[in-house]
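Asker: Structure file coords_31.txt, compact mmCIF, C-alpha atoms, is pasted below:
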```txt
# COMPACT_ATOMS: atom_id res chain seq x y z
CA ALA A 175 220.33 57.84 65.82
CA ALA A 176 220.21 60.43 68.62
CA THR A 177 218.93 63.10 66.24
CA ALA A 178 216.33 60.81 64.63
CA LEU A 179 214.78 59.77 67.96
CA PRO A 180 212.91 63.09 68.64
CA ALA A 181 211.54 63.01 65.09
CA VAL A 182 210.02 59.59 65.76
CA ARG A 183 208.62 60.58 69.17
CA THR A 184 206.78 63.63 67.79
CA PRO A 185 204.26 61.71 65.54
CA ILE A 186 203.73 59.11 68.27
CA ARG A 187 203.03 61.86 70.82
CA ARG A 188 200.54 63.49 68.45
CA MET A 189 198.73 60.18 67.88
CA THR A 190 198.59 59.52 71.62
CA THR A 191 197.15 62.99 72.28
CA ALA A 192 194.51 62.53 69.55
CA LEU A 193 193.46 59.14 70.94
CA ALA A 194 193.26 60.55 74.44
CA HIS A 195 190.78 63.21 73.29
CA THR A 196 188.69 60.78 71.20
CA PRO A 197 185.43 59.85 73.04
CA SER A 198 185.10 56.17 73.80
CA THR A 199 182.24 54.30 72.12
CA ARG A 200 182.52 51.20 74.27
CA GLY A 201 179.22 50.18 75.87
CA THR A 202 177.11 52.69 73.98
CA ASN A 203 173.53 51.81 73.11
CA ASP A 204 170.93 53.62 71.06
CA SER A 205 168.09 52.51 73.28
CA PHE A 206 166.14 55.02 75.31
CA ALA A 207 167.19 53.57 78.64
CA SER A 208 170.92 53.94 77.90
CA LYS A 209 170.84 57.60 76.86
CA PRO A 210 171.65 60.19 79.50
CA ARG A 211 169.00 62.64 80.52
CA SER A 212 170.97 65.49 78.94
CA GLN A 213 170.19 64.09 75.47
CA TYR A 214 166.47 64.64 76.14
CA PRO A 215 166.23 68.36 76.92
CA ARG A 216 163.00 69.84 78.13
CA LEU A 217 160.73 71.71 75.77
CA ARG A 218 161.90 75.32 75.34
CA GLU A 219 159.76 78.40 74.83
CA SER A 220 161.36 79.00 71.45
CA ASP A 221 160.20 75.56 70.32
CA VAL A 222 156.63 76.26 71.43
CA LEU A 223 156.40 79.75 69.96
CA GLU A 224 157.17 78.76 66.37
CA GLU A 225 153.86 79.36 64.60
CA ARG A 226 150.63 81.24 65.12
CA SER A 227 148.41 79.59 67.71
CA LEU A 228 144.63 79.39 67.16
CA LEU A 229 145.19 81.42 63.96
CA CYS A 230 145.35 84.62 65.99
CA LEU A 231 148.05 84.39 68.66
CA ASP A 232 151.54 85.02 67.34
CA ARG A 233 154.78 84.33 69.18
CA SER A 234 154.89 87.80 70.73
CA ASN A 235 151.38 87.66 72.19
CA PRO A 236 151.67 88.15 75.98
CA LEU A 237 148.97 85.55 76.72
CA ARG A 238 150.68 82.93 74.60
CA VAL A 239 154.12 83.75 76.00
CA ALA A 240 152.78 83.33 79.54
CA ALA A 241 151.16 80.01 78.61
CA ALA A 242 154.38 78.78 77.01
CA ARG A 243 156.42 79.74 80.08
CA LEU A 244 153.96 77.87 82.29
CA VAL A 245 153.97 74.73 80.15
CA CYS A 246 157.78 74.71 79.87
CA HIS A 247 158.29 75.23 83.60
CA PRO A 248 160.08 72.24 85.21
CA ARG A 249 157.45 71.94 87.95
CA PHE A 250 154.48 71.97 85.58
CA ASP A 251 154.63 68.25 84.75
CA MET A 252 155.36 67.39 88.37
CA THR A 253 152.25 69.27 89.46
CA ILE A 254 150.10 67.53 86.86
CA MET A 255 151.45 64.12 87.92
CA ALA A 256 150.60 64.94 91.55
CA LEU A 257 147.06 65.87 90.50
CA ILE A 258 146.74 62.62 88.54
CA PHE A 259 147.88 60.70 91.62
CA ILE A 260 145.29 62.48 93.77
CA SER A 261 142.63 61.75 91.15
CA THR A 262 143.57 58.06 91.17
CA VAL A 263 143.35 57.89 94.94
CA ALA A 264 139.93 59.57 94.79
CA LEU A 265 138.75 56.97 92.28
CA ILE A 266 139.95 54.21 94.61
CA LEU A 267 138.04 55.69 97.55
CA ASP A 268 134.91 56.37 95.50
CA SER A 269 132.07 53.86 95.91
CA PRO A 270 128.60 53.59 94.34
CA PHE A 271 127.22 52.95 97.83
CA GLU A 272 126.74 56.03 100.03
CA THR A 273 128.42 54.73 103.16
CA ASN A 274 129.55 58.11 104.48
CA ALA A 275 127.96 61.42 103.53
CA THR A 276 131.06 63.42 104.49
CA MET A 277 133.34 61.21 102.39
CA THR A 278 130.93 61.35 99.45
CA ALA A 279 130.82 65.15 99.56
CA ALA A 280 134.61 65.40 99.88
CA LEU A 281 135.13 63.11 96.90
CA TYR A 282 132.59 65.05 94.85
CA TRP A 283 134.26 68.42 95.43
CA THR A 284 137.67 66.84 94.89
CA ASP A 285 136.41 65.62 91.52
CA VAL A 286 135.12 69.11 90.71
CA VAL A 287 138.41 70.80 91.62
CA LEU A 288 140.50 68.26 89.70
CA THR A 289 138.27 68.55 86.64
CA VAL A 290 138.66 72.33 86.69
CA LEU A 291 142.44 72.08 87.05
CA PHE A 292 142.74 69.53 84.25
CA GLY A 293 140.52 71.72 82.10
CA CYS A 294 142.80 74.69 82.79
CA GLU A 295 145.80 72.56 81.81
CA MET A 296 144.14 71.72 78.49
CA VAL A 297 143.30 75.37 77.80
CA VAL A 298 146.85 76.51 78.62
CA LYS A 299 148.34 73.90 76.30
CA VAL A 300 145.94 74.80 73.50
CA VAL A 301 146.92 78.47 73.83
CA ALA A 302 150.62 77.62 73.88
CA PHE A 303 150.75 74.91 71.21
CA GLY A 304 147.68 75.59 69.12
CA LEU A 305 144.74 73.28 68.63
CA ALA A 306 145.23 71.38 65.38
CA PHE A 307 147.10 73.26 62.65
CA THR A 308 150.50 74.10 64.14
CA LYS A 309 153.54 71.83 64.16
CA ARG A 310 153.19 71.05 67.87
CA ALA A 311 149.40 71.26 67.92
CA TYR A 312 147.61 69.91 70.97
CA LEU A 313 145.53 67.36 69.07
CA ARG A 314 148.52 66.04 67.11
CA ASP A 315 149.83 64.31 70.22
CA PRO A 316 147.89 61.08 71.00
CA SER A 317 148.49 61.53 74.72
CA ASN A 318 146.87 64.97 74.58
CA VAL A 319 143.89 63.48 72.74
CA LEU A 320 143.49 61.00 75.60
CA ASP A 321 143.77 63.82 78.13
CA ALA A 322 141.13 65.87 76.31
CA PHE A 323 138.78 62.89 76.13
CA ILE A 324 139.14 62.24 79.88
CA VAL A 325 138.51 65.92 80.66
CA LEU A 326 135.38 65.98 78.50
CA VAL A 327 134.13 62.79 80.14
CA SER A 328 134.68 64.32 83.58
CA VAL A 329 132.82 67.49 82.61
CA LEU A 330 129.87 65.52 81.22
CA SER A 331 129.85 63.32 84.32
CA LEU A 332 129.60 66.37 86.57
CA ALA A 333 126.92 67.88 84.34
CA LEU A 334 124.77 64.75 84.47
CA ASP A 335 125.36 64.33 88.19
CA GLY A 336 123.01 67.21 88.89
CA GLN A 337 120.15 65.79 86.82
CA GLY A 338 119.25 63.06 89.29
CA ALA A 339 117.45 59.97 88.00
CA SER A 340 116.98 61.34 84.47
CA GLY A 341 120.68 61.02 83.69
CA LEU A 342 121.42 58.02 85.92
CA ALA A 343 122.14 55.49 83.15
CA SER A 344 124.39 57.88 81.24
CA LEU A 345 126.08 58.93 84.47
CA ARG A 346 127.02 55.35 85.30
CA ALA A 347 128.54 54.85 81.86
CA LEU A 348 130.56 58.06 82.10
CA ARG A 349 131.73 57.30 85.63
CA ALA A 350 133.03 53.98 84.38
CA LEU A 351 135.16 55.88 81.84
CA ARG A 352 136.82 57.79 84.68
CA ALA A 353 138.92 54.68 85.20
CA LEU A 354 140.98 55.93 82.23
CA ARG A 355 142.45 58.75 84.32
CA PRO A 356 145.50 56.78 85.54
CA LEU A 357 146.46 56.29 81.87
CA ARG A 358 147.53 59.93 81.83
CA LEU A 359 150.63 58.89 83.74
CA ILE A 360 151.85 57.18 80.57
CA SER A 361 152.21 60.49 78.73
CA ARG A 362 154.21 61.91 81.65
CA ASN A 363 156.61 58.98 82.06
CA PRO A 364 159.15 58.35 79.25
CA GLY A 365 159.74 54.77 80.39
CA MET A 366 156.04 53.95 80.14
CA LYS A 367 155.97 55.55 76.70
CA VAL A 368 158.74 53.22 75.57
CA VAL A 369 156.84 50.17 76.82
CA ILE A 370 153.59 51.24 75.14
CA ASP A 371 155.48 51.95 71.91
CA VAL A 372 157.02 48.48 72.04
CA LEU A 373 153.62 46.89 72.60
CA TYR A 374 152.22 48.83 69.65
CA LYS A 375 155.07 47.75 67.39
CA SER A 376 154.63 44.14 68.55
CA VAL A 377 151.05 43.95 67.24
CA PRO A 378 151.99 42.48 63.79
CA ALA A 379 154.21 39.79 65.32
CA VAL A 380 151.67 39.03 68.04
CA SER A 381 148.93 38.79 65.39
CA ASN A 382 150.91 36.13 63.54
CA VAL A 383 151.45 34.20 66.76
CA CYS A 384 147.74 34.53 67.55
CA LEU A 385 146.81 33.01 64.18
CA ILE A 386 149.14 30.07 64.80
CA PHE A 387 147.67 29.60 68.27
CA LEU A 388 144.11 29.61 66.87
CA LEU A 389 145.14 27.06 64.25
CA PHE A 390 146.50 24.66 66.87
CA LEU A 391 143.47 25.35 69.09
CA LEU A 392 141.13 24.41 66.25
CA ILE A 393 143.10 21.23 65.48
CA PHE A 394 143.02 20.04 69.08
CA ALA A 395 139.36 21.05 69.45
CA ILE A 396 138.38 18.93 66.45
CA LEU A 397 140.47 16.07 67.81
CA GLY A 398 138.80 16.42 71.21
CA VAL A 399 135.34 16.23 69.64
CA GLN A 400 136.30 13.08 67.75
CA LEU A 401 137.73 11.40 70.85
CA PHE A 402 135.50 12.51 73.73
CA ALA A 403 132.18 13.79 72.36
CA GLY A 404 129.34 12.33 74.46
CA ARG A 405 131.73 10.41 76.71
CA LEU A 406 132.19 12.76 79.69
CA GLY A 407 128.59 12.84 80.89
CA ALA A 408 127.30 11.09 84.01
CA CYS A 409 124.04 10.59 85.84
CA THR A 410 123.37 12.34 89.13
CA ASP A 411 122.47 8.90 90.49
CA THR A 412 125.88 7.21 90.73
CA SER A 413 124.25 3.78 90.63
CA VAL A 414 123.13 4.42 87.03
CA HIS A 415 125.81 4.08 84.35
CA ARG A 416 123.87 4.51 81.10
CA ARG A 417 122.05 7.55 79.79
CA GLU A 418 118.92 5.67 78.76
CA ALA A 419 118.56 4.43 82.34
CA CYS A 420 119.01 7.88 83.84
CA VAL A 421 115.26 8.57 84.21
CA GLY A 422 112.82 8.86 87.05
CA THR A 423 113.78 9.84 90.56
CA TYR A 424 116.11 8.58 93.26
CA THR A 425 116.73 9.23 96.94
CA ARG A 426 119.82 11.22 97.84
CA GLU A 427 121.95 10.69 100.90
CA ASP A 428 120.10 13.46 102.74
CA GLY A 429 116.82 11.58 102.27
CA LYS A 430 115.34 13.84 99.59
CA GLU A 431 113.87 12.37 96.44
CA VAL A 432 115.14 14.20 93.36
CA PRO A 433 114.97 13.48 89.60
CA ARG A 434 117.83 11.78 87.82
CA VAL A 435 119.72 14.09 85.41
CA TRP A 436 122.41 13.23 82.86
CA SER A 437 124.94 16.06 82.78
CA ASN A 438 128.51 16.84 81.82
CA PRO A 439 131.20 17.62 84.42
CA HIS A 440 131.56 21.20 85.61
CA VAL A 441 134.99 21.58 83.97
CA GLY A 442 133.47 21.37 80.48
CA ASN A 443 133.00 18.88 77.67
CA PHE A 444 133.92 18.07 74.08
CA ASP A 445 130.39 17.54 72.77
CA PHE A 446 130.76 20.10 69.98
CA ILE A 447 133.43 22.41 68.62
CA GLY A 448 132.42 25.44 70.71
CA ASN A 449 132.58 23.68 74.07
CA SER A 450 135.77 21.91 73.02
CA THR A 451 137.48 25.18 72.09
CA LEU A 452 136.40 26.85 75.33
CA LEU A 453 137.64 23.96 77.46
CA LEU A 454 141.00 23.86 75.70
CA PHE A 455 141.43 27.61 76.09
CA GLU A 456 140.74 27.30 79.81
CA MET A 457 143.27 24.47 80.04
CA THR A 458 145.83 26.76 78.36
CA THR A 459 145.71 29.02 81.41
CA LEU A 460 146.45 25.92 83.57
CA GLU A 461 143.14 26.47 85.34
CA MET A 462 141.79 23.10 86.57
CA TRP A 463 143.38 21.26 83.67
CA PRO A 464 144.03 18.13 85.81
CA ASP A 465 140.26 17.83 86.40
CA ALA A 466 139.64 17.89 82.64
CA MET A 467 142.40 15.32 82.12
CA PHE A 468 141.00 12.96 84.77
CA ALA A 469 137.53 13.33 83.24
CA THR A 470 138.87 12.10 79.90
CA ILE A 471 140.80 9.28 81.61
CA ASP A 472 137.60 8.03 83.29
CA ALA A 473 135.57 8.28 80.05
CA SER A 474 134.72 5.17 78.10
CA PRO A 475 137.12 4.70 75.16
CA SER A 476 134.60 2.95 72.92
CA GLN A 477 131.02 3.85 73.90
CA LYS A 478 129.06 7.08 74.18
CA ASP A 479 126.44 7.94 76.82
CA VAL A 480 128.14 5.66 79.33
CA GLY A 481 129.00 6.84 82.80
CA PRO A 482 132.61 7.36 83.90
CA GLU A 483 134.69 4.51 85.26
CA ARG A 484 137.91 5.13 87.11
CA ASP A 485 140.97 4.83 84.83
CA ALA A 486 138.92 3.46 81.97
CA ASN A 487 141.14 5.08 79.35
CA PRO A 488 144.62 6.00 80.73
CA ALA A 489 145.94 6.75 77.24
CA ALA A 490 143.62 9.80 77.10
CA ALA A 491 146.09 11.61 79.37
CA LEU A 492 148.37 12.03 76.36
CA PHE A 493 145.83 14.36 74.77
CA SER A 494 145.74 16.72 77.74
CA VAL A 495 149.49 16.63 78.37
CA THR A 496 150.27 17.26 74.70
CA TRP A 497 147.91 20.21 74.62
CA ILE A 498 149.46 21.70 77.76
CA ILE A 499 152.91 21.45 76.22
CA VAL A 500 151.87 22.87 72.86
CA GLY A 501 149.14 25.32 73.86
CA SER A 502 150.45 26.60 77.19
CA PHE A 503 154.22 26.18 77.41
CA PHE A 504 155.04 26.66 73.74
CA MET A 505 152.39 28.97 72.25
CA LEU A 506 152.03 31.37 75.18
CA ASN A 507 155.79 31.74 75.37
CA LEU A 508 155.74 32.74 71.71
CA PHE A 509 153.61 35.76 72.65
CA VAL A 510 156.16 36.78 75.27
CA GLY A 511 159.01 36.18 72.84
CA ALA A 512 157.42 38.37 70.17
CA VAL A 513 157.14 41.29 72.61
CA ILE A 514 160.66 40.84 73.98
CA ASP A 515 162.10 40.64 70.45
CA ASN A 516 160.57 44.02 69.57
CA PHE A 517 161.74 45.46 72.89
CA ASN A 518 165.33 44.42 72.21
CA ARG A 519 165.25 46.10 68.82
```
Taking this structure as input, can you express it in the form of structure tokens?

Answerer:
Amino acid sequence: AATALPAVRTPIRRMTTALAHTPSTRGTNDSFASKPRSQYPRLRESDVLEERSLLCLDRSNPLRVAAARLVCHPRFDMTIMALIFISTVALILDSPFETNATMTAALYWTDVVLTVLFGCEMVVKVVAFGLAFTKRAYLRDPSNVLDAFIVLVSVLSLALDGQGASGLASLRALRALRALRPLRLISRNPGMKVVIDVLYKSVPAVSNVCLIFLLFLLIFAILGVQLFAGRLGACTDTSVHRREACVGTYTREDGKEVPRVWSNPHVGNFDFIGNSTLLLFEMTTLEMWPDAMFATIDASPSQKDVGPERDANPAAALFSVTWIIVGSFFMLNLFVGAVIDNFNR
């Protein structure tokens, strides 16, 4: 027994040593947020200099090597993000009204400098990566396409800015497109990229939910027309309760004589399918839905073109409450659930 004991301990010791050196897989996750930063190395020069750029610059070309070193530098993206932040602040401070000449001039030259710097960034990346035919071509990345579009818009905006009134309409349209500049932060932030990718992948599921929502919206809109069409209107003269009597003029409380008008409440009506759909959609956002519910409660349950009477039809509240439960609480949460389901995948 004494001689057999070391023979038993040796395999056990080997198994223990092997298990001690085996990496633990507990708590691992394949999602982007759970991976350490070391698994996402920065772009290397050797990765950039794989093919011939612009059909004429090979991997040993000094200009391309310098561009690749600049693009792969750790502070390059940080500098671009700082410039994007400055550009966003300039857009916030910019105003179509010339309140301060000094501020207007400073913002103009800031826009010029930033446009030049962003243009230089685009040129450097095109030289390093190639334009369209290489594996890592500049235009093969959707974020670079957005960057190029924003740069071209900025250049055209500055070009039309010097034409005065002749290019005023086009200048306003291009200046409106400058609001896309903050979107460049998405291409620089991996977390934002994950969120945008999830939203893109959620489009099929969200489309199905949208079709179901439209189906229920149409059903309730048709039901609203059948129940409340022509029953929410009232005369401006509160002493008149029927539409045929709402004619002529009357004297208001301020002493002015004004014509009588039969009109629907400001919250909306169910007179035809378009107005019914619009009112139900507004109620889905919980915007003034109690006013619409009380308007249906005060409507006549049996006659059209009759003025409202307080609590004439209390059962009409079931229509509004049911729609809020189905259209707001249930259907809108389905949209959120579809996005979260794709995010968890």

Asker: Choose the residue, out of A:Arg310, A:Gly398, A:Leu460, A:Val372, that has the smallest atom-to-atom separation from Ile499 (chain A); count all atoms listed in the file.

Answerer: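 Comparing A:Arg310, A:Gly398, A:Leu460, A:Val372 against Ile499 (chain A), the winner is A:Leu460.
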
Asker: For the atom pair CA of Leu229 (chain A) and CA of Phe307 (chain A), what is the interatomic distance in Å to one decimal place?

Answerer: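 That distance, rounded to one decimal, is 8.5 Å.
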
Asker: Restricting the calculation to all atoms listed in the file, which member of A:Asn235, A:Thr459, A:Thr289, A:Asn363 is positioned closest to Ser317 (chain A)?

Answerer: A:Asn363

Asker: Record the distance separating CA of Val495 (chain A) and CA of Met467 (chain A), expressed in Å with one decimal.

Answerer: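 About the pair CA of Val495 (chain A) and CA of Met467 (chain A): they are 8.1 Å apart.
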
Asker: When you look at region 279-283 of chain A with a cut-off of 9 Å (counting only C-alpha atoms), what residues show up, excluding the ones that are within fewer than 5 positions of it in the same chain? I need them as an MDAnalysis selection string.

Answerer: chainID A and resid 264:265 267:268 274 288 332

Asker: With all atoms listed in the file as the atoms that count, which of A:Leu359, A:Leu313, A:Glu461, A:Ile514 lies nearest to Asp251 (chain A)?

Answerer: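 Under the stated criterion, the closest residue is A:Leu359.
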
Asker: For Pro378 (chain A), list every protein, DNA or RNA residue within 12 Å, evaluated using only C-alpha atoms, and leave out those in the same chain fewer than 4 positions away; present the list as an mmCIF file with C-alpha atoms, keeping the file's coordinate frame.

Answerer:
```cif
data_model
loop_
_atom_site.group_PDB
_atom_site.id
_atom_site.type_symbol
_atom_site.label_atom_id
_atom_site.label_comp_id
_atom_site.auth_asym_id
_atom_site.auth_seq_id
_atom_site.Cartn_x
_atom_site.Cartn_y
_atom_site.Cartn_z
ATOM 1 C CA VAL A 372 157.020 48.480 72.040
ATOM 2 C CA LEU A 373 153.620 46.890 72.600
ATOM 3 C CA TYR A 374 152.220 48.830 69.650
ATOM 4 C CA ASN A 382 150.910 36.130 63.540
ATOM 5 C CA VAL A 383 151.450 34.200 66.760
ATOM 6 C CA CYS A 384 147.740 34.530 67.550
ATOM 7 C CA LEU A 385 146.810 33.010 64.180
ATOM 8 C CA PHE A 509 153.610 35.760 72.650
ATOM 9 C CA ALA A 512 157.420 38.370 70.170
ATOM 10 C CA VAL A 513 157.140 41.290 72.610
ATOM 11 C CA ASN A 516 160.570 44.020 69.570
#
```

Asker: Just give me the gap between CA of Phe468 (chain A) and CA of Ala491 (chain A) in Å, one decimal is fine.

Answerer: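 Separation between CA of Phe468 (chain A) and CA of Ala491 (chain A): 7.5 Å.
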
Asker: Which residue out of A:Val239, A:Ala473, A:Met255, A:Leu334 has the minimum interatomic distance to Arg405 (chain A) when only C-alpha atoms are used?

Answerer: A:Ala473

Asker: Would you list the contacts of Tyr424 (chain A) as an mmCIF file with C-alpha atoms, in the coordinates of the input, taking every protein, DNA or RNA residue within 8 Å and counting all atoms listed in the file, but skipping same-chain residues closer than 2 positions in sequence?

Answerer:
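Saved the output as around-v7.cif:
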```cif
data_model
loop_
_atom_site.group_PDB
_atom_site.id
_atom_site.type_symbol
_atom_site.label_atom_id
_atom_site.label_comp_id
_atom_site.auth_asym_id
_atom_site.auth_seq_id
_atom_site.Cartn_x
_atom_site.Cartn_y
_atom_site.Cartn_z
ATOM 1 C CA ASP A 411 122.470 8.900 90.490
ATOM 2 C CA GLY A 422 112.820 8.860 87.050
ATOM 3 C CA ARG A 426 119.820 11.220 97.840
ATOM 4 C CA GLU A 431 113.870 12.370 96.440
ATOM 5 C CA VAL A 432 115.140 14.200 93.360
ATOM 6 C CA PRO A 433 114.970 13.480 89.600
ATOM 7 C CA ARG A 434 117.830 11.780 87.820
#
```

Asker: If we count only C-alpha atoms, what is near Pro482 (chain A) at a cut-off of 10 Å, once residues fewer than 2 positions away on the same chain are taken out, given as number ranges by chain?

Answerer: A: 405-409, 412, 415-416, 469-474, 479-480, 484-487

Asker: Just to be explicit: take each residue in the selection above, keep C-alpha atoms, and write the result as a short mmCIF file (atom, residue, chain, number, x, y, z; two decimals), in the coordinates of the input.

Answerer:
```
data_model
loop_
_atom_site.label_atom_id
_atom_site.label_comp_id
_atom_site.auth_asym_id
_atom_site.auth_seq_id
_atom_site.Cartn_x
_atom_site.Cartn_y
_atom_site.Cartn_z
CA ARG A 405 131.73 10.41 76.71
CA LEU A 406 132.19 12.76 79.69
CA GLY A 407 128.59 12.84 80.89
CA ALA A 408 127.30 11.09 84.01
CA CYS A 409 124.04 10.59 85.84
CA THR A 412 125.88 7.21 90.73
CA HIS A 415 125.81 4.08 84.35
CA ARG A 416 123.87 4.51 81.10
CA ALA A 469 137.53 13.33 83.24
CA THR A 470 138.87 12.10 79.90
CA ILE A 471 140.80 9.28 81.61
CA ASP A 472 137.60 8.03 83.29
CA ALA A 473 135.57 8.28 80.05
CA SER A 474 134.72 5.17 78.10
CA ASP A 479 126.44 7.94 76.82
CA VAL A 480 128.14 5.66 79.33
CA ARG A 484 137.91 5.13 87.11
CA ASP A 485 140.97 4.83 84.83
CA ALA A 486 138.92 3.46 81.97
CA ASN A 487 141.14 5.08 79.35
#
```

Asker: Adding 5 Å on each side of the box along x, y and z that holds all listed atoms of region 256-271 of chain A, could you give its centre and edge lengths in Å to one decimal, as JSON?

Answerer:
```
{"center_x": 138.9, "center_y": 59.4, "center_z": 93.2, "size_x": 33.4, "size_y": 22.9, "size_z": 19.3}
```

Asker: Which is closest to Leu391 (chain A) among A:Val369, A:Ala256, A:Val500, A:Ala403, if we use all atoms listed in the file?

Answerer: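 Looking only at the distances to Leu391 (chain A), the closest residue turns out to be A:Val500.
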
Asker: Taking into account only C-alpha atoms, which residue in the set A:Thr458, A:Leu354, A:Val441, A:Thr451 is nearest to Gly501 (chain A)?

Answerer: A:Thr458

Asker: Give me the residues near Pro236 (chain A) as a PyMOL selection string, where near means some atom within 12 Å (using only C-alpha atoms) and where sequence neighbours in that chain fewer than 4 positions away do not count.

Answerer: chain A and resi 223+231-232+240-243+301-302

Asker: Can you rebuild region 305-320 of chain A with N, CA, C and O atoms and give it as a short mmCIF file (atom, residue, chain, number, x, y, z; two decimals), in the coordinates of the input?

Answerer:
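Output contents, as saved in part.cif:
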```
data_model
loop_
_atom_site.label_atom_id
_atom_site.label_comp_id
_atom_site.auth_asym_id
_atom_site.auth_seq_id
_atom_site.Cartn_x
_atom_site.Cartn_y
_atom_site.Cartn_z
N LEU A 305 145.69 74.38 68.50
CA LEU A 305 144.74 73.28 68.63
C LEU A 305 145.03 72.15 67.64
O LEU A 305 145.17 71.00 68.04
N ALA A 306 145.12 72.47 66.35
CA ALA A 306 145.23 71.38 65.38
C ALA A 306 146.13 71.68 64.18
O ALA A 306 146.52 70.75 63.48
N PHE A 307 146.45 72.94 63.91
CA PHE A 307 147.10 73.26 62.65
C PHE A 307 148.58 73.60 62.77
O PHE A 307 149.28 73.71 61.77
N THR A 308 149.09 73.79 63.97
CA THR A 308 150.50 74.10 64.14
C THR A 308 151.33 72.81 64.20
O THR A 308 150.80 71.71 64.27
N LYS A 309 152.65 72.99 64.17
CA LYS A 309 153.54 71.83 64.16
C LYS A 309 153.43 71.03 65.45
O LYS A 309 153.45 69.80 65.43
N ARG A 310 153.32 71.71 66.57
CA ARG A 310 153.19 71.05 67.87
C ARG A 310 151.77 71.18 68.40
O ARG A 310 151.57 71.36 69.61
N ALA A 311 150.80 71.07 67.54
CA ALA A 311 149.40 71.26 67.92
C ALA A 311 148.99 70.27 69.01
O ALA A 311 149.50 69.16 69.09
N TYR A 312 148.05 70.72 69.82
CA TYR A 312 147.61 69.91 70.97
C TYR A 312 147.03 68.58 70.53
O TYR A 312 147.33 67.53 71.10
N LEU A 313 146.21 68.58 69.50
CA LEU A 313 145.53 67.36 69.07
C LEU A 313 146.41 66.47 68.21
O LEU A 313 145.96 65.38 67.81
N ARG A 314 147.62 66.89 67.88
CA ARG A 314 148.52 66.04 67.11
C ARG A 314 149.28 65.04 68.00
O ARG A 314 149.93 64.15 67.47
N ASP A 315 149.20 65.23 69.28
CA ASP A 315 149.83 64.31 70.22
C ASP A 315 148.77 63.34 70.75
O ASP A 315 147.78 63.77 71.34
N PRO A 316 148.91 62.03 70.53
CA PRO A 316 147.89 61.08 71.00
C PRO A 316 147.65 61.15 72.50
O PRO A 316 146.52 60.96 72.96
N SER A 317 148.69 61.43 73.28
CA SER A 317 148.49 61.53 74.72
C SER A 317 147.61 62.72 75.08
O SER A 317 146.80 62.64 76.01
N ASN A 318 147.73 63.83 74.34
CA ASN A 318 146.87 64.97 74.58
C ASN A 318 145.42 64.67 74.18
O ASN A 318 144.49 65.18 74.81
N VAL A 319 145.25 63.88 73.14
CA VAL A 319 143.89 63.48 72.74
C VAL A 319 143.24 62.68 73.85
O VAL A 319 142.06 62.87 74.19
N LEU A 320 144.00 61.77 74.47
CA LEU A 320 143.49 61.00 75.60
C LEU A 320 143.16 61.91 76.77
O LEU A 320 142.10 61.76 77.41
#
```
